[in-house]
$ cat work10.txt   # compact mmCIF, C-alpha atoms and all ligand atoms
# COMPACT_ATOMS: atom_id res chain seq x y z
CA MET A 22 -8.05 -32.20 -2.19
CA ASP A 23 -4.33 -31.45 -2.25
CA PRO A 24 -2.20 -32.05 0.85
CA LEU A 25 -1.89 -28.35 1.63
CA SER A 26 -5.63 -27.76 1.54
CA ARG A 27 -6.22 -30.87 3.60
CA ARG A 28 -3.73 -29.71 6.21
CA ASN A 29 -5.41 -26.30 6.31
CA MET A 30 -8.77 -27.93 6.81
CA LEU A 31 -7.44 -30.02 9.69
CA VAL A 32 -5.98 -26.95 11.36
CA LEU A 33 -9.27 -25.16 10.87
CA SER A 34 -11.20 -28.11 12.27
CA ALA A 35 -9.16 -28.06 15.47
CA ALA A 36 -9.58 -24.30 15.86
CA GLY A 37 -13.21 -24.45 14.83
CA ALA A 38 -14.16 -26.95 17.52
CA THR A 39 -13.02 -24.50 20.17
CA ALA A 40 -14.54 -21.50 18.42
CA ALA A 41 -17.91 -23.13 17.93
CA ALA A 42 -17.98 -24.36 21.54
CA THR A 43 -17.61 -20.81 22.82
CA THR A 44 -18.90 -17.90 20.77
CA ALA A 45 -17.59 -16.07 17.76
CA HIS A 46 -14.35 -14.15 18.20
CA ALA A 47 -16.18 -11.00 17.27
CA ALA A 48 -14.86 -7.45 17.47
CA SER A 49 -11.42 -8.64 18.42
CA TYR A 50 -7.90 -8.17 17.13
CA GLY A 51 -7.63 -9.84 13.76
CA ASN A 52 -11.39 -10.49 13.57
CA PRO A 53 -13.00 -7.07 13.93
CA ASP A 54 -16.44 -7.22 12.36
CA GLU A 55 -19.98 -7.86 13.52
CA PRO A 56 -21.33 -10.31 12.60
CA ALA A 57 -18.01 -12.09 12.91
CA GLN A 58 -16.55 -13.38 9.67
CA GLY A 59 -14.05 -16.12 8.88
CA ALA A 60 -13.96 -19.90 9.13
CA ILE A 61 -12.81 -19.64 12.74
CA ASN A 62 -16.31 -18.41 13.65
CA ALA A 63 -18.21 -21.24 11.98
CA SER A 64 -18.84 -24.85 12.87
CA THR A 65 -17.29 -27.60 10.77
CA GLY A 66 -20.65 -28.22 9.16
CA ALA A 67 -21.34 -24.58 8.47
CA ARG A 68 -18.07 -23.89 6.71
CA ARG A 69 -18.08 -27.09 4.66
CA ASP A 70 -18.91 -26.81 0.95
CA PRO A 71 -21.00 -29.87 0.00
CA GLY A 72 -20.63 -28.88 -3.65
CA PRO A 73 -20.93 -28.75 -6.59
CA GLN A 74 -17.25 -27.95 -6.56
CA ASN A 75 -14.29 -28.03 -8.95
CA SER A 76 -11.74 -29.17 -6.40
CA MET A 77 -8.76 -28.44 -8.69
CA LEU A 78 -9.82 -24.82 -9.01
CA VAL A 79 -10.72 -24.45 -5.34
CA SER A 80 -7.28 -25.68 -4.28
CA GLU A 81 -5.70 -22.85 -6.27
CA PHE A 82 -7.52 -20.20 -4.21
CA PRO A 83 -7.17 -20.91 -0.48
CA ASP A 84 -7.74 -17.24 0.38
CA ALA A 85 -10.98 -17.10 -1.61
CA PHE A 86 -12.33 -20.35 -0.19
CA SER A 87 -11.40 -19.46 3.36
CA PRO A 88 -10.66 -15.72 3.54
CA PRO A 89 -8.82 -14.29 6.53
CA PRO A 90 -11.39 -13.03 9.09
CA THR A 91 -10.16 -9.48 8.44
CA ASP A 92 -11.68 -9.62 4.95
CA VAL A 93 -15.00 -7.81 4.74
CA GLY A 94 -17.50 -6.30 2.35
CA GLY A 95 -18.43 -6.79 -1.26
CA MET A 96 -15.52 -5.58 -3.37
CA ALA A 97 -15.79 -6.81 -6.97
CA GLN A 98 -13.28 -9.52 -7.82
CA ILE A 99 -9.69 -8.33 -8.16
CA TRP A 100 -8.49 -11.50 -9.92
CA SER A 101 -8.48 -12.57 -13.53
CA SER A 102 -6.13 -14.63 -15.68
CA PHE A 103 -4.77 -15.35 -19.11
CA ASN A 104 -4.60 -19.06 -18.16
CA ASN A 105 -8.26 -19.66 -19.00
CA ALA A 106 -8.61 -17.03 -21.74
CA PRO A 107 -9.21 -18.66 -25.15
CA ARG A 108 -6.11 -18.68 -27.34
CA ARG A 109 -6.55 -17.60 -30.98
CA ILE A 110 -3.94 -19.82 -32.63
CA GLN A 111 -2.67 -19.35 -36.17
CA ALA A 112 0.43 -20.34 -38.14
CA GLY A 113 3.19 -18.19 -36.63
CA GLY A 114 1.78 -17.75 -33.14
CA TRP A 115 -1.19 -17.04 -30.94
CA ALA A 116 -2.76 -14.47 -28.64
CA ARG A 117 -5.33 -14.30 -25.85
CA GLN A 118 -6.67 -11.26 -24.09
CA VAL A 119 -8.45 -9.93 -21.03
CA THR A 120 -10.33 -6.69 -21.65
CA GLU A 121 -12.84 -4.73 -19.61
CA ALA A 122 -15.56 -6.91 -21.20
CA ASP A 123 -13.89 -9.99 -19.62
CA PHE A 124 -12.85 -8.34 -16.35
CA PRO A 125 -14.80 -5.24 -15.27
CA MET A 126 -11.99 -4.10 -12.91
CA SER A 127 -9.77 -3.67 -15.99
CA GLU A 128 -11.20 -0.32 -17.09
CA ALA A 129 -7.97 1.60 -17.52
CA VAL A 130 -6.09 -0.84 -19.73
CA SER A 131 -6.66 -4.13 -21.53
CA GLY A 132 -4.10 -6.94 -21.57
CA VAL A 133 -2.92 -9.34 -24.26
CA ASN A 134 -0.60 -12.34 -23.94
CA MET A 135 1.04 -13.19 -27.28
CA ARG A 136 3.45 -15.77 -28.65
CA LEU A 137 5.31 -15.50 -31.96
CA SER A 138 7.35 -18.40 -33.36
CA ALA A 139 10.82 -17.79 -34.82
CA GLY A 140 9.96 -15.79 -37.93
CA GLY A 141 6.31 -15.48 -36.84
CA ILE A 142 4.91 -12.05 -37.74
CA ARG A 143 2.23 -9.94 -36.10
CA GLU A 144 1.24 -8.18 -39.29
CA LEU A 145 1.76 -4.48 -40.03
CA HIS A 146 -1.08 -2.60 -38.32
CA TRP A 147 -2.11 0.30 -36.14
CA HIS A 148 -4.91 1.10 -33.68
CA GLN A 149 -6.76 3.70 -31.63
CA ALA A 150 -5.00 2.90 -28.35
CA ALA A 151 -1.35 3.26 -27.43
CA GLU A 152 0.47 -0.07 -27.04
CA TRP A 153 3.01 -1.02 -24.38
CA GLY A 154 4.81 -4.38 -24.36
CA PHE A 155 6.95 -6.40 -21.93
CA MET A 156 8.98 -9.38 -23.15
CA THR A 157 8.88 -12.44 -20.89
CA TYR A 158 10.49 -15.05 -23.18
CA GLY A 159 12.82 -15.03 -26.18
CA GLY A 160 13.28 -12.12 -28.52
CA CYS A 161 11.41 -10.04 -31.07
CA ARG A 162 12.07 -7.41 -33.76
CA VAL A 163 9.87 -4.33 -33.62
CA THR A 164 9.29 -1.84 -36.44
CA VAL A 165 7.44 1.45 -36.03
CA LEU A 166 7.07 4.74 -37.93
CA ASP A 167 6.41 8.08 -36.21
CA GLU A 168 4.19 10.92 -37.42
CA LYS A 169 7.16 12.70 -39.01
CA GLY A 170 8.05 9.70 -41.17
CA ARG A 171 10.98 8.61 -39.00
CA ALA A 172 11.42 4.84 -38.83
CA TYR A 173 12.60 2.74 -35.89
CA VAL A 174 13.66 -0.91 -36.03
CA GLN A 175 15.05 -2.72 -32.99
CA ASP A 176 15.57 -6.20 -31.58
CA ILE A 177 14.56 -6.75 -27.96
CA GLY A 178 14.81 -9.54 -25.41
CA VAL A 179 13.54 -10.66 -22.01
CA GLY A 180 12.82 -7.76 -19.65
CA ASP A 181 12.62 -5.18 -22.45
CA LEU A 182 9.69 -2.84 -23.18
CA TRP A 183 8.26 -1.13 -26.21
CA TYR A 184 5.75 1.69 -26.54
CA PHE A 185 3.89 2.71 -29.68
CA PRO A 186 1.78 5.88 -29.40
CA ALA A 187 -1.82 5.58 -30.63
CA GLY A 188 -1.98 5.45 -34.41
CA PHE A 189 1.73 4.80 -35.00
CA PRO A 190 1.99 1.87 -37.48
CA HIS A 191 4.08 -1.07 -36.34
CA SER A 192 4.91 -4.79 -36.60
CA LEU A 193 6.44 -7.49 -34.40
CA GLN A 194 8.39 -10.56 -35.49
CA GLY A 195 9.72 -13.46 -33.39
CA LEU A 196 13.49 -14.03 -33.54
CA GLY A 197 15.50 -17.23 -33.35
CA PRO A 198 15.95 -19.72 -31.93
CA ASP A 199 12.41 -20.04 -30.53
CA GLY A 200 10.53 -16.81 -31.09
CA CYS A 201 9.06 -15.00 -28.10
CA GLU A 202 6.20 -14.53 -25.65
CA PHE A 203 5.16 -11.22 -24.17
CA LEU A 204 2.58 -9.11 -22.37
CA LEU A 205 0.97 -6.36 -24.41
CA ILE A 206 -1.08 -3.53 -22.87
CA PHE A 207 -3.48 -1.11 -24.55
CA ASP A 208 -4.14 2.14 -22.66
CA ASN A 209 -7.91 1.60 -22.96
CA GLY A 210 -9.78 -1.21 -21.18
CA ARG A 211 -12.08 -1.71 -24.18
CA ALA A 212 -9.30 -2.07 -26.78
CA SER A 213 -9.08 -5.50 -28.44
CA GLU A 214 -6.13 -7.22 -30.09
CA PHE A 215 -8.64 -8.91 -32.39
CA ASN A 216 -9.88 -5.59 -33.80
CA THR A 217 -6.94 -3.57 -35.14
CA LEU A 218 -6.43 -1.73 -38.43
CA LEU A 219 -4.58 -4.26 -40.59
CA VAL A 220 -2.66 -3.33 -43.70
CA THR A 221 -3.93 -6.43 -45.56
CA ASP A 222 -7.54 -5.51 -44.79
CA TRP A 223 -7.07 -2.02 -46.24
CA PHE A 224 -5.41 -3.31 -49.41
CA ALA A 225 -8.13 -5.91 -49.93
CA HIS A 226 -10.86 -3.30 -49.45
CA THR A 227 -9.52 -0.63 -51.81
CA PRO A 228 -10.48 -0.61 -55.53
CA PRO A 229 -7.53 -2.06 -57.53
CA GLU A 230 -7.29 1.01 -59.79
CA VAL A 231 -6.93 3.21 -56.70
CA LEU A 232 -4.16 0.98 -55.36
CA ALA A 233 -2.41 1.25 -58.72
CA LEU A 234 -2.69 5.06 -58.73
CA ASN A 235 -1.68 5.40 -55.08
CA PHE A 236 1.53 3.43 -55.47
CA GLY A 237 2.30 4.38 -59.11
CA MET A 238 2.08 0.75 -60.18
CA PRO A 239 0.64 -1.09 -63.17
CA SER A 240 -2.98 -2.06 -62.59
CA ASP A 241 -2.26 -5.76 -62.01
CA ALA A 242 0.65 -5.24 -59.60
CA PHE A 243 -1.48 -6.21 -56.61
CA ARG A 244 -3.40 -9.10 -58.12
CA ALA A 245 -1.92 -11.59 -55.60
CA ILE A 246 -2.61 -9.66 -52.39
CA PRO A 247 -4.21 -11.72 -49.59
CA PRO A 248 -8.02 -11.56 -49.87
CA HIS A 249 -8.27 -11.99 -46.09
CA ASP A 250 -6.18 -10.48 -43.34
CA LEU A 251 -3.14 -12.33 -41.96
CA TRP A 252 -3.08 -10.95 -38.36
CA ILE A 253 -0.40 -13.45 -37.25
CA PHE A 254 1.41 -15.51 -39.88
CA GLN A 255 4.60 -17.52 -40.30
CA GLY A 256 7.27 -15.44 -42.02
CA LYS A 257 10.92 -15.90 -42.89
CA SER A 258 13.79 -15.08 -40.55
CA PRO A 259 14.14 -11.26 -40.53
CA GLY A 260 17.93 -11.32 -41.16
CA PRO A 261 20.57 -9.08 -39.53
CA LEU A 262 19.34 -6.00 -37.64
CA PRO A 263 21.83 -3.47 -39.16
CA ALA A 264 20.62 -4.31 -42.69
CA ALA A 265 16.98 -3.82 -41.65
CA GLN A 266 17.83 -0.52 -39.95
CA ALA A 267 19.79 0.68 -42.99
CA ALA A 268 16.91 -0.23 -45.31
CA VAL A 269 14.50 2.15 -43.54
CA ASP A 270 16.97 4.95 -42.71
CA SER A 271 15.67 7.80 -44.83
CA GLY A 272 13.35 10.04 -42.84
CA GLY A 273 15.67 10.76 -39.90
CA VAL A 274 15.92 9.15 -36.50
CA PRO A 275 13.12 9.44 -33.89
CA PRO A 276 14.28 11.67 -31.00
CA HIS A 277 13.59 8.98 -28.38
CA PRO A 278 13.78 5.19 -28.69
CA PHE A 279 10.53 3.22 -28.77
CA THR A 280 12.12 0.42 -26.71
CA PHE A 281 13.62 0.34 -23.22
CA SER A 282 15.32 -2.19 -20.92
CA LEU A 283 13.19 -2.40 -17.76
CA GLY A 284 14.92 -5.58 -16.57
CA GLY A 285 18.35 -3.97 -17.04
CA MET A 286 17.58 -0.88 -14.92
CA THR A 287 19.01 -0.21 -11.48
CA PRO A 288 16.21 -0.94 -8.98
CA ARG A 289 14.58 2.10 -7.37
CA ARG A 290 14.42 0.14 -4.12
CA SER A 291 16.24 -3.03 -3.23
CA ASN A 292 16.84 -4.99 -0.05
CA ARG A 293 17.02 -8.61 1.07
CA SER A 294 13.24 -9.06 0.69
CA GLY A 295 12.84 -7.68 -2.79
CA ASN A 296 13.38 -5.02 -5.40
CA VAL A 297 11.41 -2.83 -7.77
CA ARG A 298 12.40 -1.28 -11.09
CA ILE A 299 10.32 1.57 -12.46
CA ALA A 300 10.02 2.74 -16.07
CA ASP A 301 7.81 5.75 -16.76
CA SER A 302 8.10 8.74 -19.07
CA THR A 303 10.87 10.28 -16.94
CA VAL A 304 13.25 7.59 -18.23
CA PHE A 305 11.34 5.89 -21.08
CA LYS A 306 10.47 9.19 -22.76
CA VAL A 307 7.99 7.94 -25.35
CA SER A 308 5.87 6.08 -22.76
CA LYS A 309 3.48 8.99 -22.15
CA SER A 310 0.45 6.97 -21.04
CA ILE A 311 1.94 3.90 -19.32
CA ALA A 312 4.22 3.61 -16.28
CA ALA A 313 5.47 0.21 -15.14
CA ALA A 314 6.96 -1.39 -12.04
CA LEU A 315 8.80 -4.72 -12.22
CA GLU A 316 8.74 -6.20 -8.72
CA THR A 317 10.57 -9.18 -7.25
CA ILE A 318 9.59 -10.37 -3.77
CA ARG A 319 11.85 -12.95 -2.11
CA PRO A 320 10.44 -15.94 -0.20
CA GLY A 321 9.22 -14.74 3.21
CA GLY A 322 8.92 -11.15 2.04
CA ILE A 323 6.06 -8.73 1.53
CA ARG A 324 5.68 -5.68 -0.66
CA GLU A 325 4.85 -3.03 1.92
CA MET A 326 1.32 -1.63 2.49
CA HIS A 327 0.84 1.28 0.08
CA TRP A 328 -1.40 2.85 -2.55
CA HIS A 329 -1.15 4.77 -5.80
CA PRO A 330 -2.70 8.27 -5.88
CA ASN A 331 -2.77 8.72 -9.65
CA ALA A 332 -3.75 5.46 -11.38
CA ASP A 333 -5.19 1.95 -11.14
CA GLU A 334 -2.57 -0.82 -10.84
CA TRP A 335 -2.91 -3.65 -13.40
CA GLN A 336 -0.73 -6.62 -12.46
CA TYR A 337 0.66 -9.52 -14.48
CA TYR A 338 2.14 -12.38 -12.46
CA VAL A 339 5.28 -13.78 -14.11
CA LYS A 340 6.83 -16.18 -11.58
CA GLY A 341 6.18 -17.66 -8.14
CA GLN A 342 3.02 -17.31 -6.09
CA GLY A 343 1.56 -14.73 -3.76
CA ARG A 344 -1.47 -13.34 -2.05
CA MET A 345 -2.71 -9.78 -2.03
CA THR A 346 -5.28 -8.02 0.12
CA VAL A 347 -6.92 -4.91 -1.33
CA PHE A 348 -8.60 -2.39 1.02
CA ASN A 349 -11.19 0.27 0.27
CA ALA A 350 -13.64 2.48 2.13
CA GLY A 351 -16.77 0.72 3.36
CA PRO A 352 -14.84 -1.02 4.79
CA GLN A 353 -14.02 -3.49 2.07
CA ALA A 354 -11.07 -5.90 2.14
CA GLN A 355 -10.52 -8.76 -0.29
CA THR A 356 -7.68 -11.29 -0.21
CA MET A 357 -6.82 -13.29 -3.31
CA ASP A 358 -4.18 -15.75 -4.53
CA PHE A 359 -2.08 -15.24 -7.68
CA ARG A 360 0.10 -17.51 -9.82
CA PRO A 361 1.97 -17.13 -13.14
CA GLY A 362 -0.26 -15.93 -15.97
CA ASP A 363 -2.77 -14.40 -13.54
CA ILE A 364 -3.90 -10.78 -13.54
CA GLY A 365 -4.78 -8.54 -10.60
CA VAL A 366 -6.24 -5.06 -10.50
CA VAL A 367 -6.03 -2.55 -7.64
CA LYS A 368 -8.13 0.54 -8.22
CA ARG A 369 -6.56 3.97 -7.71
CA ASN A 370 -6.02 4.81 -4.02
CA TYR A 371 -7.06 1.36 -2.75
CA GLY A 372 -4.59 0.15 -0.10
CA HIS A 373 -2.74 -3.11 -0.75
CA TYR A 374 0.17 -5.35 0.13
CA LEU A 375 1.51 -8.38 -1.74
CA GLN A 376 3.01 -11.35 0.08
CA ASN A 377 5.18 -14.10 -1.37
CA THR A 378 3.48 -17.35 -0.28
CA GLY A 379 5.88 -19.67 -2.10
CA THR A 380 9.44 -20.94 -1.80
CA SER A 381 10.85 -19.12 -4.85
CA ASP A 382 10.90 -15.50 -5.98
CA LEU A 383 7.57 -13.88 -6.79
CA VAL A 384 7.89 -11.71 -9.92
CA MET A 385 5.10 -9.38 -10.99
CA VAL A 386 4.97 -6.52 -13.47
CA ALA A 387 2.52 -3.74 -12.63
CA VAL A 388 1.20 -1.31 -15.24
CA PHE A 389 -0.34 2.11 -14.55
CA LYS A 390 -2.13 4.35 -17.05
CA THR A 391 -0.15 7.47 -16.24
CA ASP A 392 3.00 9.26 -17.38
CA GLN A 393 4.66 9.13 -13.95
CA TYR A 394 4.72 6.39 -11.34
CA ALA A 395 3.47 7.47 -7.90
CA GLU A 396 3.15 5.56 -4.63
CA ILE A 397 2.34 6.43 -1.02
CA SER A 398 3.74 4.15 1.68
CA LEU A 399 1.64 3.60 4.81
CA SER A 400 4.66 3.46 7.11
CA ASP A 401 6.18 6.53 5.46
CA TRP A 402 2.97 8.47 6.13
CA LEU A 403 2.72 7.34 9.76
CA THR A 404 6.37 8.15 10.48
CA HIS A 405 6.00 11.61 8.96
CA THR A 406 2.96 12.50 11.07
CA PRO A 407 3.39 13.75 14.67
CA PRO A 408 3.89 10.54 16.72
CA GLU A 409 1.32 11.53 19.36
CA MET A 410 -1.32 11.79 16.62
CA VAL A 411 -0.53 8.29 15.38
CA ALA A 412 -0.19 6.85 18.89
CA GLN A 413 -3.59 8.20 19.98
CA THR A 414 -5.26 7.00 16.78
CA LEU A 415 -3.91 3.47 16.96
CA ASN A 416 -3.82 3.26 20.79
CA ILE A 417 -0.18 2.24 20.84
CA ASP A 418 2.92 3.50 22.63
CA PRO A 419 4.48 6.55 20.84
CA ALA A 420 7.86 4.85 21.29
CA LEU A 421 6.67 2.07 18.99
CA VAL A 422 5.58 4.55 16.33
CA ARG A 423 9.11 5.96 16.31
CA ARG A 424 10.40 2.47 15.46
CA PHE A 425 8.24 2.09 12.31
CA PRO A 426 10.29 2.04 9.10
CA SER A 427 10.61 5.70 8.06
CA ASP A 428 12.34 5.27 4.72
CA SER A 429 9.68 3.56 2.53
CA PRO A 430 11.64 0.29 2.40
CA GLY A 431 9.36 -1.15 -0.28
CA PHE A 432 9.91 -4.71 0.95
CA LEU A 433 9.86 -6.21 4.42
CA PRO A 434 11.57 -7.58 6.42
CA THR A 435 14.56 -5.34 5.73
MN MN A 501 -0.35 -3.33 -32.09
MN MN A 502 1.06 -1.21 -5.74

$ encode --input "work10.txt" --output "structure tokens"
Amino acid sequence: MDPLSRRNMLVLSAAGATAAATTAHAASYGNPDEPAQGAINASTGARRDPGPQNSMLVSEFPDAFSPPPTDVGGMAQIWSSFNNAPRRIQAGGWARQVTEADFPMSEAVSGVNMRLSAGGIRELHWHQAAEWGFMTYGGCRVTVLDEKGRAYVQDIGVGDLWYFPAGFPHSLQGLGPDGCEFLLIFDNGRASEFNTLLVTDWFAHTPPEVLALNFGMPSDAFRAIPPHDLWIFQGKSPGPLPAAQAAVDSGGVPPHPFTFSLGGMTPRRSNRSGNVRIADSTVFKVSKSIAAALETIRPGGIREMHWHPNADEWQYYVKGQGRMTVFNAGPQAQTMDFRPGDIGVVKRNYGHYLQNTGTSDLVMVAVFKTDQYAEISLSDWLTHTPPEMVAQTLNIDPALVRRFPSDSPGFLPT
């Protein structure tokens, strides 16, 4: 048991002795349900877990092992992770994924975490779903062709996005000095990175005389094509960007770029407790099916209580650590802990907050399957409702309601 967990247990033991001696703190502030839930309502023996137990894993999830007594109901798990997803490793890089098959909450989108070495190539391919990417390390060259034969080649770095509409053929290649790592999203929870339409597969499964006719080549021109697909392979350095752009510049320029700097945007909201940058189709024009929010929460801060009326929120934790409680009708409330490489999902309209539980910044990128980001703030709603209505509902002084934040601060304390 790590020191933090041990300390928590000692605190709980002290509280528990009192709680068990009296009766459960039922139907009270901070512990509302009958029968009363939470470790504070159980004896030391009752709340102990004799095992079997993986203590390393348990110590990572204090809020699952001992949920706050406000948690209630049977919401399906809101947590998943790339950390324990099997990596498919090949020369040139690797990928791992979490789809709806792995994580039932992830219906709207599936997620892939990929690494390409310097020169490593994710082979030319296309697929049924649209693809959205977010670079977390290093740099990458993207190539894509639109439906009017207009080519786009660009180099991108940390904090940048790309978006390839469904069916648009594309490739990715890691740049120097150390390639890249990124998050990739498909706008369909069932889409798999391991089942895409690969150019090598099509060549290998087309009669050689048809290949020769199609490309106007002698019949043996393709005798050395790969008999199996490459998927990810080690390539050579791609060379200077202007030369690559010039080499494909024949069919005109796409009207909107397929890449965008999310990290370089001005935050939509920013204060001493955090900031959020938002990239949806209003600014990143091609991104018709995915909107994204890049959130930083400072130590001691929370992302305010809110919900999203138009889409599920799919979260990728990049830095730091935090806990989130998700609320739904029922009532249902589930609190869970998140660390880098973890994934969270909040279904559409489910209330939630996110709290930084560490000593460094918590950074999380949230993805929504929608063309426009939308959010409703709890405090904004309650301060734009007649105060007497709110005061009577919550049984508090109307003067207090008037002191709620009325400007959707995003992050607290302000
Ligand atoms: Mn792709
Ligand atoms: Mn949210």

$ residues_around --input "work10.txt" --residues "Pro90 in chain A" --least-positions-apart "6" --cutoff "9 Å" --atoms "only C-alpha atoms" --output "VMD selection string"
chain A and resid 51 to 54 57 to 62

$ residues_around --input "work10.txt" --residues "Leu262 in chain A" --least-positions-apart "4" --cutoff "10 Å" --atoms "all atoms listed in the file" --output "PDB file with C-alpha atoms, in the frame of the given file"
ATOM      1  CA  ARG A 162      12.070  -7.410 -33.760  1.00  0.00           C
ATOM      2  CA  VAL A 174      13.660  -0.910 -36.030  1.00  0.00           C
ATOM      3  CA  GLN A 175      15.050  -2.720 -32.990  1.00  0.00           C
ATOM      4  CA  ASP A 176      15.570  -6.200 -31.580  1.00  0.00           C
ATOM      5  CA  GLN A 266      17.830  -0.520 -39.950  1.00  0.00           C
ATOM      6  CA  ALA A 267      19.790   0.680 -42.990  1.00  0.00           C
ATOM      7  CA  ALA A 268      16.910  -0.230 -45.310  1.00  0.00           C
TER       8      ALA A 268
END

$ closest_residue --input "work10.txt" --among "A:Gln149, A:Ser400, A:Thr91, A:Ser102" --to "Ser127 in chain A" --atoms "all atoms listed in the file"
A:Ser102

$ closest_residue --input "work10.txt" --among "A:Ser271, A:Asn416, A:Ser192, A:Ser427" --to "ligand MN 501 (chain A)" --atoms "all atoms listed in the file"
A:Ser192

$ residues_near_ligand --input "work10.txt" --ligand "ligand MN 501 (chain A)" --cutoff "9 Å" --atoms "all atoms listed in the file" --output "JSON, numbers by chain"
{"A": [143, 144, 145, 146, 147, 148, 150, 151, 152, 153, 185, 189, 190, 191, 192, 193, 205, 207, 214, 217, 218]}

$ closest_residue --input "work10.txt" --among "A:Gly372, A:Gly200, A:Gly66, A:Gly132" --to "ligand MN 502 (chain A)" --atoms "all atoms listed in the file"
A:Gly372

$ closest_residue --input "work10.txt" --among "A:Met385, A:Met357, A:Leu375, A:Ala420" --to "Ile99 in chain A" --atoms "only C-alpha atoms"
A:Met357

$ residues_near_ligand --input "work10.txt" --ligand "ligand MN 502 (chain A)" --cutoff "7 Å" --atoms "all atoms listed in the file" --output "PyMOL selection string"
chain A and resi 327-329+334+373

$ closest_residue --input "work10.txt" --among "A:Asn235, A:Ser64, A:Gln355, A:Ser291" --to "Trp100 in chain A" --atoms "all atoms listed in the file"
A:Gln355

$ atom_distance --input "work10.txt" --atom1 "CA of Asp358 in chain A" --atom2 "CA of Ala314 in chain A"
19.7 Å

$ atom_distance --input "work10.txt" --atom1 "CA of Arg369 in chain A" --atom2 "CA of Ile299 in chain A"
17.7 Å

$ closest_residue --input "work10.txt" --among "A:Thr391, A:Gly295, A:Val386, A:Ile364" --to "Pro434 in chain A" --atoms "all atoms listed in the file"
A:Gly295
